[in-house]
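Okay, query_5.tsv is below, TSV, C-alpha atoms:
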chain	number	residue	atom	x	y	z
A	1341	MET	CA	0.00	0.00	0.00
A	1342	ASP	CA	1.59	3.24	-1.15
A	1343	PHE	CA	1.32	6.69	0.40
A	1344	ALA	CA	-1.44	7.82	-2.00
A	1345	THR	CA	-3.69	4.94	-0.96
A	1346	ILE	CA	-3.11	5.72	2.72
A	1347	ALA	CA	-3.94	9.37	2.05
A	1348	PHE	CA	-7.15	8.34	0.29
A	1349	PHE	CA	-8.31	6.38	3.33
A	1350	VAL	CA	-7.38	9.25	5.64
A	1351	PHE	CA	-9.42	11.74	3.59
A	1352	ALA	CA	-12.35	9.34	3.33
A	1353	ALA	CA	-12.36	8.71	7.09
A	1354	ALA	CA	-12.22	12.45	7.80
A	1355	ALA	CA	-15.12	13.08	5.41
A	1356	VAL	CA	-17.27	10.38	6.98
A	1357	ALA	CA	-16.49	11.48	10.55
A	1358	SER	CA	-17.17	15.15	9.86
A	1359	GLY	CA	-20.35	14.25	7.94
A	1360	ILE	CA	-21.64	12.34	10.96
A	1361	ALA	CA	-20.77	15.33	13.14
A	1362	VAL	CA	-22.89	17.61	10.90
A	1363	ILE	CA	-26.07	15.67	11.68
A	1364	SER	CA	-25.26	14.73	15.28
A	1365	VAL	CA	-24.05	17.90	17.01
A	1366	ARG	CA	-26.67	20.18	18.55
A	1367	ASN	CA	-24.87	23.49	18.05
A	1368	PRO	CA	-25.51	24.91	14.54
A	1369	VAL	CA	-22.11	26.66	14.50
A	1370	HIS	CA	-20.31	23.38	15.19
A	1371	ALA	CA	-22.42	21.74	12.48
A	1372	ALA	CA	-21.39	24.41	9.96
A	1373	LEU	CA	-17.70	23.98	10.82
A	1374	SER	CA	-18.05	20.20	10.45
A	1375	LEU	CA	-19.69	20.75	7.07
A	1376	VAL	CA	-16.70	22.84	5.97
A	1377	LEU	CA	-14.37	19.99	6.94
A	1378	THR	CA	-16.58	17.49	5.07
A	1379	PHE	CA	-16.44	19.48	1.84
A	1380	PHE	CA	-12.71	20.01	2.15
A	1381	SER	CA	-12.04	16.30	2.76
A	1382	VAL	CA	-14.14	15.29	-0.24
A	1383	ALA	CA	-12.30	17.86	-2.36
A	1384	CYS	CA	-8.99	16.28	-1.31
A	1385	VAL	CA	-10.31	12.87	-2.39
A	1386	TRP	CA	-11.21	14.26	-5.82
A	1387	ILE	CA	-7.85	15.97	-6.24
A	1388	ILE	CA	-5.89	12.86	-5.33
A	1389	ALA	CA	-8.05	10.88	-7.79
A	1390	GLY	CA	-7.12	13.22	-10.65
A	1391	ALA	CA	-10.24	15.43	-10.75
A	1392	GLU	CA	-8.51	18.67	-9.92
A	1393	PHE	CA	-11.20	20.89	-11.38
A	1394	LEU	CA	-13.96	19.28	-9.32
A	1395	GLY	CA	-11.88	19.53	-6.15
A	1396	VAL	CA	-11.09	23.21	-6.63
A	1397	ALA	CA	-14.69	23.98	-7.60
A	1398	LEU	CA	-15.94	22.23	-4.46
A	1399	ILE	CA	-13.64	24.30	-2.27
A	1400	LEU	CA	-14.44	27.61	-3.97
A	1401	VAL	CA	-18.20	27.13	-4.28
A	1402	TYR	CA	-19.24	25.09	-1.27
A	1403	VAL	CA	-16.56	25.80	1.32
A	1404	GLY	CA	-16.58	29.49	0.37
A	1405	ALA	CA	-20.38	29.82	0.54
A	1406	VAL	CA	-21.21	27.45	3.39
A	1407	MET	CA	-21.42	30.23	5.97
A	1408	VAL	CA	-23.85	32.16	3.76
A	1409	LEU	CA	-25.90	28.98	3.46
A	1410	PHE	CA	-25.82	28.56	7.24
A	1411	LEU	CA	-27.02	32.13	7.85
A	1412	PHE	CA	-29.78	31.74	5.27
A	1413	VAL	CA	-31.04	28.58	7.00
A	1414	VAL	CA	-30.92	30.32	10.38
A	1415	MET	CA	-33.08	33.17	9.05
A	1416	MET	CA	-35.48	30.76	7.38
A	1417	LEU	CA	-36.00	28.55	10.45
A	1418	ASP	CA	-36.32	31.46	12.93
A	1419	ILE	CA	-33.52	30.15	15.15
A	1420	ASP	CA	-32.75	32.36	18.13
A	1421	VAL	CA	-29.35	33.75	17.16
A	1422	ALA	CA	-28.90	35.75	20.39
A	1423	PRO	CA	-27.07	32.88	22.18
A	1424	LEU	CA	-24.87	32.41	19.09
A	1425	ARG	CA	-23.62	35.99	19.32
A	1426	GLU	CA	-22.58	35.60	22.94
A	1427	GLY	CA	-18.95	34.65	23.38
A	1428	PHE	CA	-17.37	33.65	20.08
A	1429	VAL	CA	-14.36	32.50	22.08
A	1430	ARG	CA	-16.15	29.28	23.04
A	1431	TYR	CA	-16.24	28.30	19.37
A	1432	LEU	CA	-12.51	28.88	18.99
A	1433	PRO	CA	-11.42	25.31	19.97
A	1434	VAL	CA	-13.68	23.72	17.36
A	1435	GLY	CA	-12.54	26.23	14.74
A	1436	LEU	CA	-8.89	25.60	15.53
A	1437	LEU	CA	-9.45	21.83	15.37
A	1438	VAL	CA	-11.04	22.12	11.92
A	1439	ALA	CA	-8.23	24.41	10.74
A	1440	VAL	CA	-5.53	22.00	11.99
A	1441	VAL	CA	-7.20	19.02	10.31
A	1442	MET	CA	-7.47	20.94	7.03
A	1443	LEU	CA	-3.79	21.91	7.25
A	1444	VAL	CA	-2.77	18.29	7.86
A	1445	GLU	CA	-4.91	17.17	4.91
A	1446	MET	CA	-3.25	19.74	2.64
A	1447	LEU	CA	0.21	18.51	3.65
A	1448	ILE	CA	-0.80	14.89	3.08
A	1449	LEU	CA	-2.29	15.80	-0.29
A	1450	ILE	CA	0.88	17.55	-1.40
A	1451	GLY	CA	2.98	14.57	-0.37
A	1452	ALA	CA	0.68	12.11	-2.09
A	1453	LYS	CA	0.66	14.06	-5.37
A	1454	VAL	CA	4.43	14.38	-5.31
A	1455	GLN	CA	5.16	10.70	-4.70
A	1456	SER	CA	2.54	8.82	-6.68
A	1457	THR	CA	-1.10	8.63	-7.71
A	1458	ILE	CA	-3.73	6.30	-6.36
A	1459	PRO	CA	-4.30	3.24	-8.61
A	1460	LEU	CA	-7.68	3.97	-10.14
A	1461	ALA	CA	-9.03	3.60	-13.66
A	1462	ALA	CA	-7.21	5.16	-16.60
A	1463	ASP	CA	-7.50	8.93	-16.76
A	1464	ALA	CA	-9.66	9.85	-19.75
A	1465	ALA	CA	-8.27	13.37	-19.96
A	1466	GLU	CA	-4.69	12.10	-20.03
A	1467	ALA	CA	-5.60	9.54	-22.69
A	1468	GLU	CA	-7.00	12.28	-24.95
A	1469	GLY	CA	-4.01	14.55	-24.34
A	1470	VAL	CA	-6.01	17.46	-22.88
A	1471	SER	CA	-6.27	19.00	-19.44
A	1472	ASN	CA	-8.78	17.80	-16.89
A	1473	THR	CA	-10.77	21.03	-17.14
A	1474	ALA	CA	-11.01	20.90	-20.95
A	1475	TRP	CA	-12.05	17.25	-20.92
A	1476	LEU	CA	-14.70	17.88	-18.27
A	1477	ALA	CA	-16.16	20.85	-20.16
A	1478	ARG	CA	-16.26	18.90	-23.41
A	1479	ALA	CA	-17.98	15.92	-21.79
A	1480	LEU	CA	-20.37	18.05	-19.73
A	1481	PHE	CA	-21.73	20.11	-22.62
A	1482	THR	CA	-21.84	17.33	-25.23
A	1483	GLU	CA	-22.39	13.84	-23.85
A	1484	PHE	CA	-23.98	14.83	-20.54
A	1485	LEU	CA	-25.82	17.98	-21.63
A	1486	LEU	CA	-29.31	16.67	-20.72
A	1487	PRO	CA	-28.40	15.67	-17.12
A	1488	PHE	CA	-26.66	19.02	-16.74
A	1489	GLU	CA	-29.79	20.91	-17.79
A	1490	ILE	CA	-31.99	18.75	-15.53
A	1491	ALA	CA	-29.72	19.52	-12.58
A	1492	ALA	CA	-29.98	23.23	-13.37
A	1493	VAL	CA	-33.79	23.03	-13.40
A	1494	ILE	CA	-33.81	21.15	-10.08
A	1495	LEU	CA	-31.57	23.76	-8.48
A	1496	THR	CA	-33.78	26.56	-9.82
A	1497	VAL	CA	-36.87	24.90	-8.35
A	1498	ALA	CA	-35.03	24.51	-5.02
A	1499	VAL	CA	-34.18	28.22	-4.96
A	1500	ILE	CA	-37.79	29.20	-5.71
A	1501	ALA	CA	-39.04	26.83	-2.99
A	1502	ALA	CA	-36.62	28.31	-0.45
A	1503	VAL	CA	-37.80	31.84	-1.28
A	1504	MET	CA	-41.45	30.79	-0.98
A	1505	LEU	CA	-40.74	29.28	2.45
A	1506	THR	CA	-39.35	32.60	3.65
A	1507	LEU	CA	-42.47	34.42	2.37
A	1508	ARG	CA	-44.97	32.27	4.26
A	1509	ARG	CA	-47.41	34.11	6.53
A	1510	ARG	CA	-46.75	33.84	10.26
A	1511	GLU	CA	-48.72	35.33	13.12
A	1512	GLY	CA	-47.12	38.24	14.93
A	1513	VAL	CA	-44.68	39.00	12.09
A	1514	ARG	CA	-44.94	42.09	9.93
A	1515	HIS	CA	-44.75	41.58	6.20
A	1516	GLN	CA	-44.82	43.72	3.09
A	1517	ASN	CA	-47.07	43.42	0.07
A	1518	PRO	CA	-45.15	44.42	-3.08
A	1519	GLY	CA	-48.40	44.82	-5.04
A	1520	GLU	CA	-49.76	47.37	-2.61
A	1521	GLN	CA	-46.44	49.20	-2.55
A	1522	THR	CA	-46.39	49.61	-6.33
A	1523	ARG	CA	-50.03	50.81	-6.42
A	1524	VAL	CA	-49.54	53.48	-3.77
A	1525	ARG	CA	-50.22	57.11	-4.68
A	1526	ALA	CA	-48.63	60.33	-3.45
A	1527	ALA	CA	-51.94	61.33	-1.84
A	1528	ASP	CA	-51.82	58.15	0.26
A	1529	ARG	CA	-48.37	58.93	1.62
A	1530	VAL	CA	-48.53	62.71	2.24
A	1531	ARG	CA	-51.22	64.53	4.22
A	1532	MET	CA	-51.31	68.31	4.49
A	1533	VAL	CA	-52.24	69.55	7.96
A	1534	ARG	CA	-53.15	73.21	8.62
A	1535	MET	CA	-51.90	74.57	11.95
A	1536	ASP	CA	-51.93	78.04	13.49
A	1537	ALA	CA	-48.50	79.65	13.60
A	1538	VAL	CA	-49.42	82.10	16.43
A	1539	ARG	CA	-49.86	80.94	20.03
A	1540	PRO	CA	-53.34	81.88	21.25
A	1541	ALA	CA	-53.49	84.63	23.89
A	1542	PRO	CA	-54.25	83.63	27.51
A	1543	PRO	CA	-57.82	84.16	28.67
A	1544	ALA	CA	-58.63	87.63	30.03
A	1545	GLY	CA	-58.62	87.96	33.82
A	1546	GLY	CA	-56.62	84.79	34.33
A	1547	ASP	CA	-53.74	84.32	36.71
A	1548	ALA	CA	-50.41	85.60	35.38
A	1549	SER	CA	-48.52	82.66	36.79
A	1550	ALA	CA	-50.95	80.25	35.08
A	1551	ALA	CA	-50.37	82.09	31.81
A	1552	GLU	CA	-46.61	81.79	32.23
A	1553	GLU	CA	-46.97	78.06	32.94
A	1554	GLY	CA	-49.11	77.76	29.85
A	1555	LYS	CA	-46.42	79.44	27.76
A	1556	ALA	CA	-43.76	77.08	29.18
Step by step, read the file and then write its structure as structure tokens.
Amino acid sequence: MDFATIAFFVFAAAAVASGIAVISVRNPVHAALSLVLTFFSVACVWIIAGAEFLGVALILVYVGAVMVLFLFVVMMLDIDVAPLREGFVRYLPVGLLVAVVMLVEMLILIGAKVQSTIPLAADAAEAEGVSNTAWLARALFTEFLLPFEIAAVILTVAVIAAVMLTLRRREGVRHQNPGEQTRVRAADRVRMVRMDAVRPAPPAGGDASAAEEGKA
């Protein structure tokens, strides 16, 4: 068993362990950090298998946007974020652990790519004499064009469904009606009120101190 095979098993074990942590921990911040480690471990598996483009895309797209995804889910599920804002120092050990594991995985990946490659099937891109990115683009938009379009439609439907979930009516929550906002007129927003600019005089024969208090 060479070093690349050992690295593959290490990355796979890290991905499985962090994936289990995503669905088992109770703290949403810890779950998000575990999800980052899961994506990064899977990206290392793809890179060591020769799919460099997929690995880099996974890191840039998913690892880079996972915190935005986490915040969007928090807003959609009405989770009380007040306890999450209290004391970010308590999340530091978990963050440092994830960072250390990612650093170790990067070092293992560099060593595995330098020494050898894992014994998998023949690389189609290398057989055709093109780069991995060029081969993937050619296959994706020619042979697998229909599955690619179906995946795009499914993702579009998922985005629309997520937006509709956030627009659902809930009791005790203020909401805006875009239709009513576009149909509003200037007369509905501005009201002219006529007011006297001169203070009325105090009543005749009244107490002077009462008049002064009235002026104050």
What's the separation between atom CA of A:Phe1351 and atom CA of A:Val1401, in Å to one decimal place?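 Straight-line distance from atom CA of A:Phe1351 to atom CA of A:Val1401 works out to 19.4 Å.
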Could you tell me how far atom CA of A:Asn1367 lies from atom CA of A:Val1382, in Å and to one decimal? 22.7 Å
With only C-alpha atoms as the basis for distance, which of A:Gly1390, A:Gly1404, A:Pro1368, A:Gly1512 is at the shortest distance from A:Ala1344?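 Smallest separation from A:Ala1344 among the options: A:Gly1390.
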Using all atoms listed in the file: which of A:Ala1352, A:Val1434, A:Val1396, A:Val1385 has the shortest distance to A:Ala1371: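 The answer is A:Val1434, which sits nearest to A:Ala1371.
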Counting only C-alpha atoms, the residue of A:Ala1389, A:Met1535, A:Val1362, A:Val1406 that sits nearest A:Phe1348: A:Ala1389
